[in-house]
file final.cif (mmCIF, C-alpha atoms and all ligand atoms)
data_entry
#
loop_
_atom_site.group_PDB
_atom_site.id
_atom_site.type_symbol
_atom_site.label_atom_id
_atom_site.label_comp_id
_atom_site.auth_asym_id
_atom_site.auth_seq_id
_atom_site.Cartn_x
_atom_site.Cartn_y
_atom_site.Cartn_z
ATOM 1 C CA MET K 1 104.504 79.481 109.195
ATOM 2 C CA ASP K 2 106.571 76.570 107.782
ATOM 3 C CA ILE K 3 107.518 77.560 104.240
ATOM 4 C CA ASN K 4 109.290 75.527 101.551
ATOM 5 C CA LEU K 5 111.850 77.343 99.432
ATOM 6 C CA VAL K 6 111.837 75.567 96.089
ATOM 7 C CA THR K 7 115.286 76.294 94.679
ATOM 8 C CA SER K 8 118.623 74.597 94.175
ATOM 9 C CA ASN K 9 120.477 77.887 94.752
ATOM 10 C CA LEU K 10 121.991 77.949 98.260
ATOM 11 C CA GLY K 11 122.713 81.675 98.008
ATOM 12 C CA LYS K 12 118.995 82.330 97.556
ATOM 13 C CA VAL K 13 118.115 79.967 100.412
ATOM 14 C CA GLU K 14 120.408 81.888 102.771
ATOM 15 C CA GLU K 15 119.049 85.277 101.764
ATOM 16 C CA LEU K 16 115.397 84.221 101.918
ATOM 17 C CA THR K 17 115.845 82.409 105.242
ATOM 18 C CA HIS K 18 117.564 85.441 106.834
ATOM 19 C CA ILE K 19 114.512 87.526 106.062
ATOM 20 C CA LEU K 20 111.833 84.971 106.950
ATOM 21 C CA GLU K 21 113.177 83.806 110.316
ATOM 22 C CA PRO K 22 112.941 87.093 112.269
ATOM 23 C CA PHE K 23 109.239 87.108 111.360
ATOM 24 C CA GLY K 24 108.794 83.695 112.985
ATOM 25 C CA HIS K 25 108.608 81.724 109.726
ATOM 26 C CA LYS K 26 110.555 78.476 109.394
ATOM 27 C CA ALA K 27 112.095 78.030 105.960
ATOM 28 C CA SER K 28 113.213 74.701 104.477
ATOM 29 C CA GLN K 29 114.905 74.162 101.143
ATOM 30 C CA LEU K 30 113.171 71.838 98.716
ATOM 31 C CA GLN K 31 115.020 70.756 95.576
ATOM 32 C CA VAL K 32 112.710 69.939 92.695
ATOM 33 C CA ASP K 33 113.769 69.601 89.076
ATOM 34 C CA CYS K 34 111.404 72.182 87.635
ATOM 35 C CA PRO K 35 111.741 72.754 83.850
ATOM 36 C CA GLU K 36 112.872 76.287 82.883
ATOM 37 C CA ILE K 37 110.588 77.685 80.211
ATOM 38 C CA GLN K 38 111.679 80.138 77.549
ATOM 39 C CA ALA K 39 109.720 83.298 78.320
ATOM 40 C CA SER K 40 110.195 87.020 77.843
ATOM 41 C CA THR K 41 109.560 88.056 81.457
ATOM 42 C CA LEU K 42 110.489 86.802 84.918
ATOM 43 C CA GLU K 43 106.787 87.006 85.844
ATOM 44 C CA GLU K 44 105.887 84.444 83.151
ATOM 45 C CA VAL K 45 108.626 82.109 84.381
ATOM 46 C CA VAL K 46 107.284 82.366 87.937
ATOM 47 C CA ASP K 47 103.653 81.829 86.837
ATOM 48 C CA PHE K 48 104.707 78.694 84.974
ATOM 49 C CA GLY K 49 106.746 77.467 87.960
ATOM 50 C CA LEU K 50 103.873 77.960 90.408
ATOM 51 C CA ASP K 51 101.449 76.055 88.164
ATOM 52 C CA TRP K 52 103.928 73.279 87.422
ATOM 53 C CA LEU K 53 104.854 72.762 91.076
ATOM 54 C CA SER K 54 101.236 72.851 92.170
ATOM 55 C CA ALA K 55 100.374 70.192 89.562
ATOM 56 C CA LYS K 56 103.179 68.088 91.090
ATOM 57 C CA LYS K 57 101.471 68.517 94.488
ATOM 58 C CA ILE K 58 104.516 70.137 96.098
ATOM 59 C CA GLN K 59 103.865 70.766 99.784
ATOM 60 C CA THR K 60 102.420 74.249 100.310
ATOM 61 C CA PRO K 61 103.095 76.950 101.308
ATOM 62 C CA PHE K 62 106.110 77.362 99.054
ATOM 63 C CA ILE K 63 108.141 80.154 97.527
ATOM 64 C CA ILE K 64 109.952 80.244 94.195
ATOM 65 C CA ASP K 65 112.360 82.953 93.073
ATOM 66 C CA ASP K 66 113.340 84.034 89.587
ATOM 67 C CA ALA K 67 115.843 86.835 89.175
ATOM 68 C CA GLY K 68 117.974 88.447 86.520
ATOM 69 C CA ILE K 69 120.276 91.306 85.693
ATOM 70 C CA PHE K 70 119.201 93.921 83.133
ATOM 71 C CA ILE K 71 121.972 95.962 81.480
ATOM 72 C CA GLU K 72 120.568 99.181 80.045
ATOM 73 C CA VAL K 73 123.035 99.722 77.208
ATOM 74 C CA LEU K 74 122.464 96.124 76.059
ATOM 75 C CA GLN K 75 118.693 96.734 75.803
ATOM 76 C CA ASN K 76 118.239 95.002 79.170
ATOM 77 C CA PHE K 77 120.063 91.836 78.144
ATOM 78 C CA PRO K 78 120.629 89.273 79.648
ATOM 79 C CA GLY K 79 117.392 89.660 81.705
ATOM 80 C CA VAL K 80 115.518 86.356 81.602
ATOM 81 C CA TYR K 81 118.611 84.771 80.032
ATOM 82 C CA SER K 82 120.851 85.716 82.994
ATOM 83 C CA ARG K 83 121.447 82.169 84.087
ATOM 84 C CA TYR K 84 122.339 80.984 80.573
ATOM 85 C CA VAL K 85 124.771 83.880 80.094
ATOM 86 C CA TYR K 86 126.343 83.270 83.511
ATOM 87 C CA ASP K 87 126.743 79.551 82.795
ATOM 88 C CA THR K 88 128.204 80.100 79.325
ATOM 89 C CA ILE K 89 130.359 83.238 79.023
ATOM 90 C CA GLY K 90 130.485 83.908 82.786
ATOM 91 C CA LEU K 91 131.356 87.162 84.526
ATOM 92 C CA GLN K 92 134.543 87.603 82.459
ATOM 93 C CA GLY K 93 132.493 87.274 79.292
ATOM 94 C CA VAL K 94 130.000 89.898 80.492
ATOM 95 C CA LEU K 95 132.835 92.267 81.407
ATOM 96 C CA LYS K 96 134.296 91.768 77.926
ATOM 97 C CA GLN K 97 130.955 92.723 76.311
ATOM 98 C CA MET K 98 130.965 95.899 78.412
ATOM 99 C CA GLU K 99 134.502 96.959 77.419
ATOM 100 C CA GLY K 100 134.554 100.477 75.980
ATOM 101 C CA LEU K 101 130.928 101.136 76.944
ATOM 102 C CA GLU K 102 130.586 104.135 79.233
ATOM 103 C CA ASP K 103 127.028 103.659 80.413
ATOM 104 C CA LYS K 104 127.084 100.782 82.874
ATOM 105 C CA SER K 105 123.605 101.372 84.348
ATOM 106 C CA THR K 106 122.133 98.049 85.389
ATOM 107 C CA LYS K 107 119.357 96.746 87.547
ATOM 108 C CA PHE K 108 118.609 93.494 89.273
ATOM 109 C CA LYS K 109 115.034 92.313 89.377
ATOM 110 C CA CYS K 110 113.547 89.519 91.444
ATOM 111 C CA VAL K 111 110.078 88.013 91.173
ATOM 112 C CA LEU K 112 108.964 85.817 94.052
ATOM 113 C CA GLY K 113 106.076 83.417 93.651
ATOM 114 C CA LEU K 114 104.148 82.287 96.705
ATOM 115 C CA MET K 115 101.698 79.396 96.670
ATOM 116 C CA LEU K 116 99.521 79.097 99.760
ATOM 117 C CA GLU K 117 97.715 76.104 101.217
ATOM 118 C CA ASP K 118 94.380 77.333 99.823
ATOM 119 C CA GLY K 119 95.827 77.141 96.296
ATOM 120 C CA SER K 120 96.093 80.929 95.890
ATOM 121 C CA LYS K 121 99.099 82.289 93.993
ATOM 122 C CA HIS K 122 100.833 85.582 94.708
ATOM 123 C CA LYS K 123 103.771 87.403 93.113
ATOM 124 C CA PHE K 124 106.068 90.018 94.655
ATOM 125 C CA VAL K 125 108.551 92.091 92.670
ATOM 126 C CA GLY K 126 111.683 93.897 93.808
ATOM 127 C CA GLU K 127 114.306 95.856 91.922
ATOM 128 C CA CYS K 128 117.719 97.274 92.740
ATOM 129 C CA LYS K 129 119.397 99.834 90.501
ATOM 130 C CA GLY K 130 123.120 100.356 90.203
ATOM 131 C CA ASN K 131 126.100 100.028 87.903
ATOM 132 C CA LEU K 132 128.361 97.298 86.625
ATOM 133 C CA ILE K 133 132.087 97.711 87.221
ATOM 134 C CA SER K 134 134.940 96.555 84.995
ATOM 135 C CA GLU K 135 136.423 93.987 87.354
ATOM 136 C CA ILE K 136 135.414 91.209 89.712
ATOM 137 C CA ARG K 137 135.398 92.418 93.335
ATOM 138 C CA GLY K 138 134.483 90.635 96.563
ATOM 139 C CA THR K 139 133.831 87.120 97.744
ATOM 140 C CA GLY K 140 130.333 87.194 99.253
ATOM 141 C CA GLY K 141 126.980 86.545 97.624
ATOM 142 C CA PHE K 142 126.669 84.663 94.355
ATOM 143 C CA GLY K 143 126.119 85.028 90.634
ATOM 144 C CA TYR K 144 126.629 88.542 89.327
ATOM 145 C CA ASP K 145 127.206 90.055 92.791
ATOM 146 C CA PRO K 146 130.968 90.681 92.305
ATOM 147 C CA ILE K 147 130.457 93.005 89.306
ATOM 148 C CA PHE K 148 127.492 95.087 90.547
ATOM 149 C CA ILE K 149 127.558 98.215 92.728
ATOM 150 C CA PRO K 150 124.125 99.313 93.985
ATOM 151 C CA ASP K 151 123.250 103.022 93.810
ATOM 152 C CA GLY K 152 124.473 104.918 96.878
ATOM 153 C CA TYR K 153 127.290 102.459 97.586
ATOM 154 C CA GLU K 154 130.917 102.095 96.576
ATOM 155 C CA ARG K 155 131.113 98.385 97.260
ATOM 156 C CA THR K 156 129.826 95.541 95.134
ATOM 157 C CA PHE K 157 127.025 93.276 96.375
ATOM 158 C CA SER K 158 129.808 90.754 97.032
ATOM 159 C CA GLU K 159 131.596 93.206 99.324
ATOM 160 C CA LEU K 160 128.477 93.975 101.373
ATOM 161 C CA SER K 161 127.507 91.909 104.406
ATOM 162 C CA PRO K 162 124.522 89.589 103.832
ATOM 163 C CA GLU K 163 122.407 91.949 105.984
ATOM 164 C CA GLU K 164 123.451 94.994 103.930
ATOM 165 C CA LYS K 165 122.703 93.232 100.641
ATOM 166 C CA ASN K 166 119.312 92.045 101.893
ATOM 167 C CA SER K 167 118.371 95.532 103.091
ATOM 168 C CA ILE K 168 118.591 97.034 99.590
ATOM 169 C CA SER K 169 118.604 94.168 97.119
ATOM 170 C CA HIS K 170 115.934 93.209 94.598
ATOM 171 C CA ARG K 171 115.293 90.006 96.570
ATOM 172 C CA GLY K 172 115.222 91.844 99.908
ATOM 173 C CA ARG K 173 112.672 94.300 98.536
ATOM 174 C CA ALA K 174 110.465 91.592 97.065
ATOM 175 C CA MET K 175 110.701 89.667 100.353
ATOM 176 C CA GLU K 176 109.689 92.732 102.342
ATOM 177 C CA LYS K 177 106.444 92.793 100.342
ATOM 178 C CA LEU K 178 105.966 89.045 100.819
ATOM 179 C CA VAL K 179 106.437 89.082 104.618
ATOM 180 C CA ASN K 180 104.153 92.125 104.923
ATOM 181 C CA PHE K 181 101.540 90.192 102.947
ATOM 182 C CA LEU K 182 101.899 87.157 105.252
ATOM 183 C CA SER K 183 101.632 89.405 108.321
ATOM 184 C CA SER K 184 98.496 91.069 106.949
ATOM 185 C CA MET K 185 96.898 87.618 106.514
ATOM 186 C CA GLU K 186 97.592 86.733 110.141
ATOM 187 C CA ASN K 187 95.820 89.850 111.426
HETATM 188 P P1 LIG K 201 117.823 82.411 88.529
HETATM 189 O O1 LIG K 201 116.844 83.285 89.242
HETATM 190 O O2 LIG K 201 118.311 81.324 89.431
HETATM 191 O O3 LIG K 201 117.309 81.928 87.203
HETATM 192 O O4 LIG K 201 119.078 83.327 88.291
HETATM 193 C C1 LIG K 201 119.495 83.799 87.026
HETATM 194 C C2 LIG K 201 120.951 84.203 87.123
HETATM 195 O O5 LIG K 201 121.035 85.404 87.894
HETATM 196 C C3 LIG K 201 121.847 83.170 87.784
HETATM 197 O O6 LIG K 201 123.087 83.149 87.118
HETATM 198 C C4 LIG K 201 122.004 83.699 89.201
HETATM 199 O O7 LIG K 201 123.253 83.351 89.738
HETATM 200 C C5 LIG K 201 121.902 85.205 88.980
HETATM 201 N N1 LIG K 201 121.330 85.849 90.160
HETATM 202 C C6 LIG K 201 120.086 85.668 90.687
HETATM 203 N N2 LIG K 201 119.944 86.406 91.806
HETATM 204 C C7 LIG K 201 121.120 87.042 91.983
HETATM 205 C C8 LIG K 201 121.596 87.922 93.002
HETATM 206 O O8 LIG K 201 120.921 88.267 93.975
HETATM 207 N N3 LIG K 201 122.855 88.370 92.826
HETATM 208 C C9 LIG K 201 123.637 88.013 91.763
HETATM 209 N N4 LIG K 201 123.250 87.188 90.819
HETATM 210 C C10 LIG K 201 122.000 86.693 90.925
#

call {"tool": "encode", "arguments": {"input": "final.cif", "output": "structure tokens", "more": "lines below"}}
Ligand code: IMP
result
Amino acid sequence: MDINLVTSNLGKVEELTHILEPFGHKASQLQVDCPEIQASTLEEVVDFGLDWLSAKKIQTPFIIDDAGIFIEVLQNFPGVYSRYVYDTIGLQGVLKQMEGLEDKSTKFKCVLGLMLEDGSKHKFVGECKGNLISEIRGTGGFGYDPIFIPDGYERTFSELSPEEKNSISHRGRAMEKLVNFLSSMEN
């Protein structure tokens, strides 16, 4: 299937493409200036995005991706505000907020929205639990990857290979559900 990835984030494009291609899907990036709504959940953001893009008659099928990092001791902040926090105080600012806090439990969550040619909308959710660290480590990935160590690992997302990150990440898990769904439709 030819699928449009509606995002301006190249890191996401790479990760999504890596997963889609082995299943015979051809992914192409599509950059559309979609307004970001203020909402309390990633699911609401994705619902809005799917409706907005469909009203703009964006070529289907397409996928959108909204993700965030949820820090337990900060009552799951920044969550839906992850991009704003990253763009304002940055990783150093987040590390500063975490200084002196022992509990660094954190999870990433990704919600994928899929719009098919028949106008049906589908959402797929993936999570990855782990811990923040107190320094920036690694060069791979993007966003918060250099300060997050997934459970069961000693390396940050940034220090993992793209394949390793995809095999356990929030996005990888959501994508696994999405490709299984596409496969089930073909049968
Ligand atoms: P958005 O999904 O593009 O709105 O992402 C919100 C924020 O989370 C941005 O600052 C992204 O860089 C960051 N982010 C999204 N996905 C990931 C990821 O897989 N690893 C690290 N940071 C991410």

call {"tool": "residues_near_ligand", "arguments": {"input": "final.cif", "ligand": "ligand LIG 201 (chain K)", "cutoff": "8 Å", "atoms": "all atoms listed in the file", "output": "ChimeraX atom specification"}}
result
/K:7,9,11-12,65-69,80-87,108,110,141-146,157,169-171

call {"tool": "closest_residue", "arguments": {"input": "final.cif", "among": "K:Cys128, K:Ala174, K:Leu5, K:Cys34", "to": "Gly152 of chain K", "atoms": "only C-alpha atoms"}}
result
K:Cys128

call {"tool": "residues_around", "arguments": {"input": "final.cif", "residues": "segment 52-59 of chain K", "least_positions_apart": "5", "cutoff": "9 Å", "atoms": "all atoms listed in the file", "output": "PyMOL selection string"}}
result
chain K and resi 3-4+32+34-35+47+115+117+119

call {"tool": "residues_around", "arguments": {"input": "final.cif", "residues": "Glu186 of chain K", "least_positions_apart": "5", "cutoff": "12 Å", "atoms": "only C-alpha atoms", "output": "list in words"}}
result
Met1, Phe23, Gly24, Val179, Asn180 and Phe181 of chain K

call {"tool": "atom_distance", "arguments": {"input": "final.cif", "atom1": "atom CA of Ser105 of chain K", "atom2": "atom CA of Ile136 of chain K"}}
result
16.5 Å

call {"tool": "atom_distance", "arguments": {"input": "final.cif", "atom1": "atom CA of Gly138 of chain K", "atom2": "atom CA of Ser158 of chain K"}}
result
4.7 Å

call {"tool": "residues_near_point", "arguments": {"input": "final.cif", "point": "(124.3, 98.0, 89.8)", "cutoff": "7 Å", "atoms": "all atoms listed in the file", "output": "number ranges by chain"}}
result
K: 105-107, 129-132, 148-151

call {"tool": "residues_around", "arguments": {"input": "final.cif", "residues": "Ser134 of chain K", "least_positions_apart": "4", "cutoff": "8 Å", "atoms": "all atoms listed in the file", "output": "list in words"}}
result
Leu95, Met98, Glu99 and Ile147 of chain K

call {"tool": "atom_distance", "arguments": {"input": "final.cif", "atom1": "atom CA of Gly90 of chain K", "atom2": "atom CA of Glu14 of chain K"}}
result
22.5 Å

call {"tool": "resolve_selection", "arguments": {"input": "final.cif", "expression": "the PyMOL selection byres (((chain K and resi 166) around 10) and not hetatm)", "output": "ChimeraX atom specification"}}
result
/K:15-16,18-19,157,160-165,167-173,175-176

call {"tool": "axis_aligned_box", "arguments": {"input": "final.cif", "around": "segment 41-50 of chain K", "padding_each_side": "3 Å", "output": "JSON"}}
result
{"center_x": 107.1, "center_y": 82.8, "center_z": 85.9, "size_x": 12.8, "size_y": 16.6, "size_z": 15.0}

call {"tool": "closest_residue", "arguments": {"input": "final.cif", "among": "K:Leu112, K:Lys177, K:Thr60, K:Asn187", "to": "Glu43 of chain K", "atoms": "all atoms listed in the file"}}
result
K:Leu112

call {"tool": "residues_near_point", "arguments": {"input": "final.cif", "point": "(112.9, 70.9, 95.1)", "cutoff": "7 Å", "atoms": "only C-alpha atoms", "output": "count of residues only"}}
result
7

call {"tool": "resolve_selection", "arguments": {"input": "final.cif", "expression": "the PyMOL selection byres (((chain K and resi 123) around 8) and not hetatm)", "output": "tab-separated table (two decimals) with C-alpha atoms, keeping the file's coordinate frame"}}
result
chain	number	residue	atom	x	y	z
K	43	GLU	CA	106.79	87.01	85.84
K	111	VAL	CA	110.08	88.01	91.17
K	112	LEU	CA	108.96	85.82	94.05
K	113	GLY	CA	106.08	83.42	93.65
K	114	LEU	CA	104.15	82.29	96.70
K	121	LYS	CA	99.10	82.29	93.99
K	122	HIS	CA	100.83	85.58	94.71
K	124	PHE	CA	106.07	90.02	94.66
K	125	VAL	CA	108.55	92.09	92.67
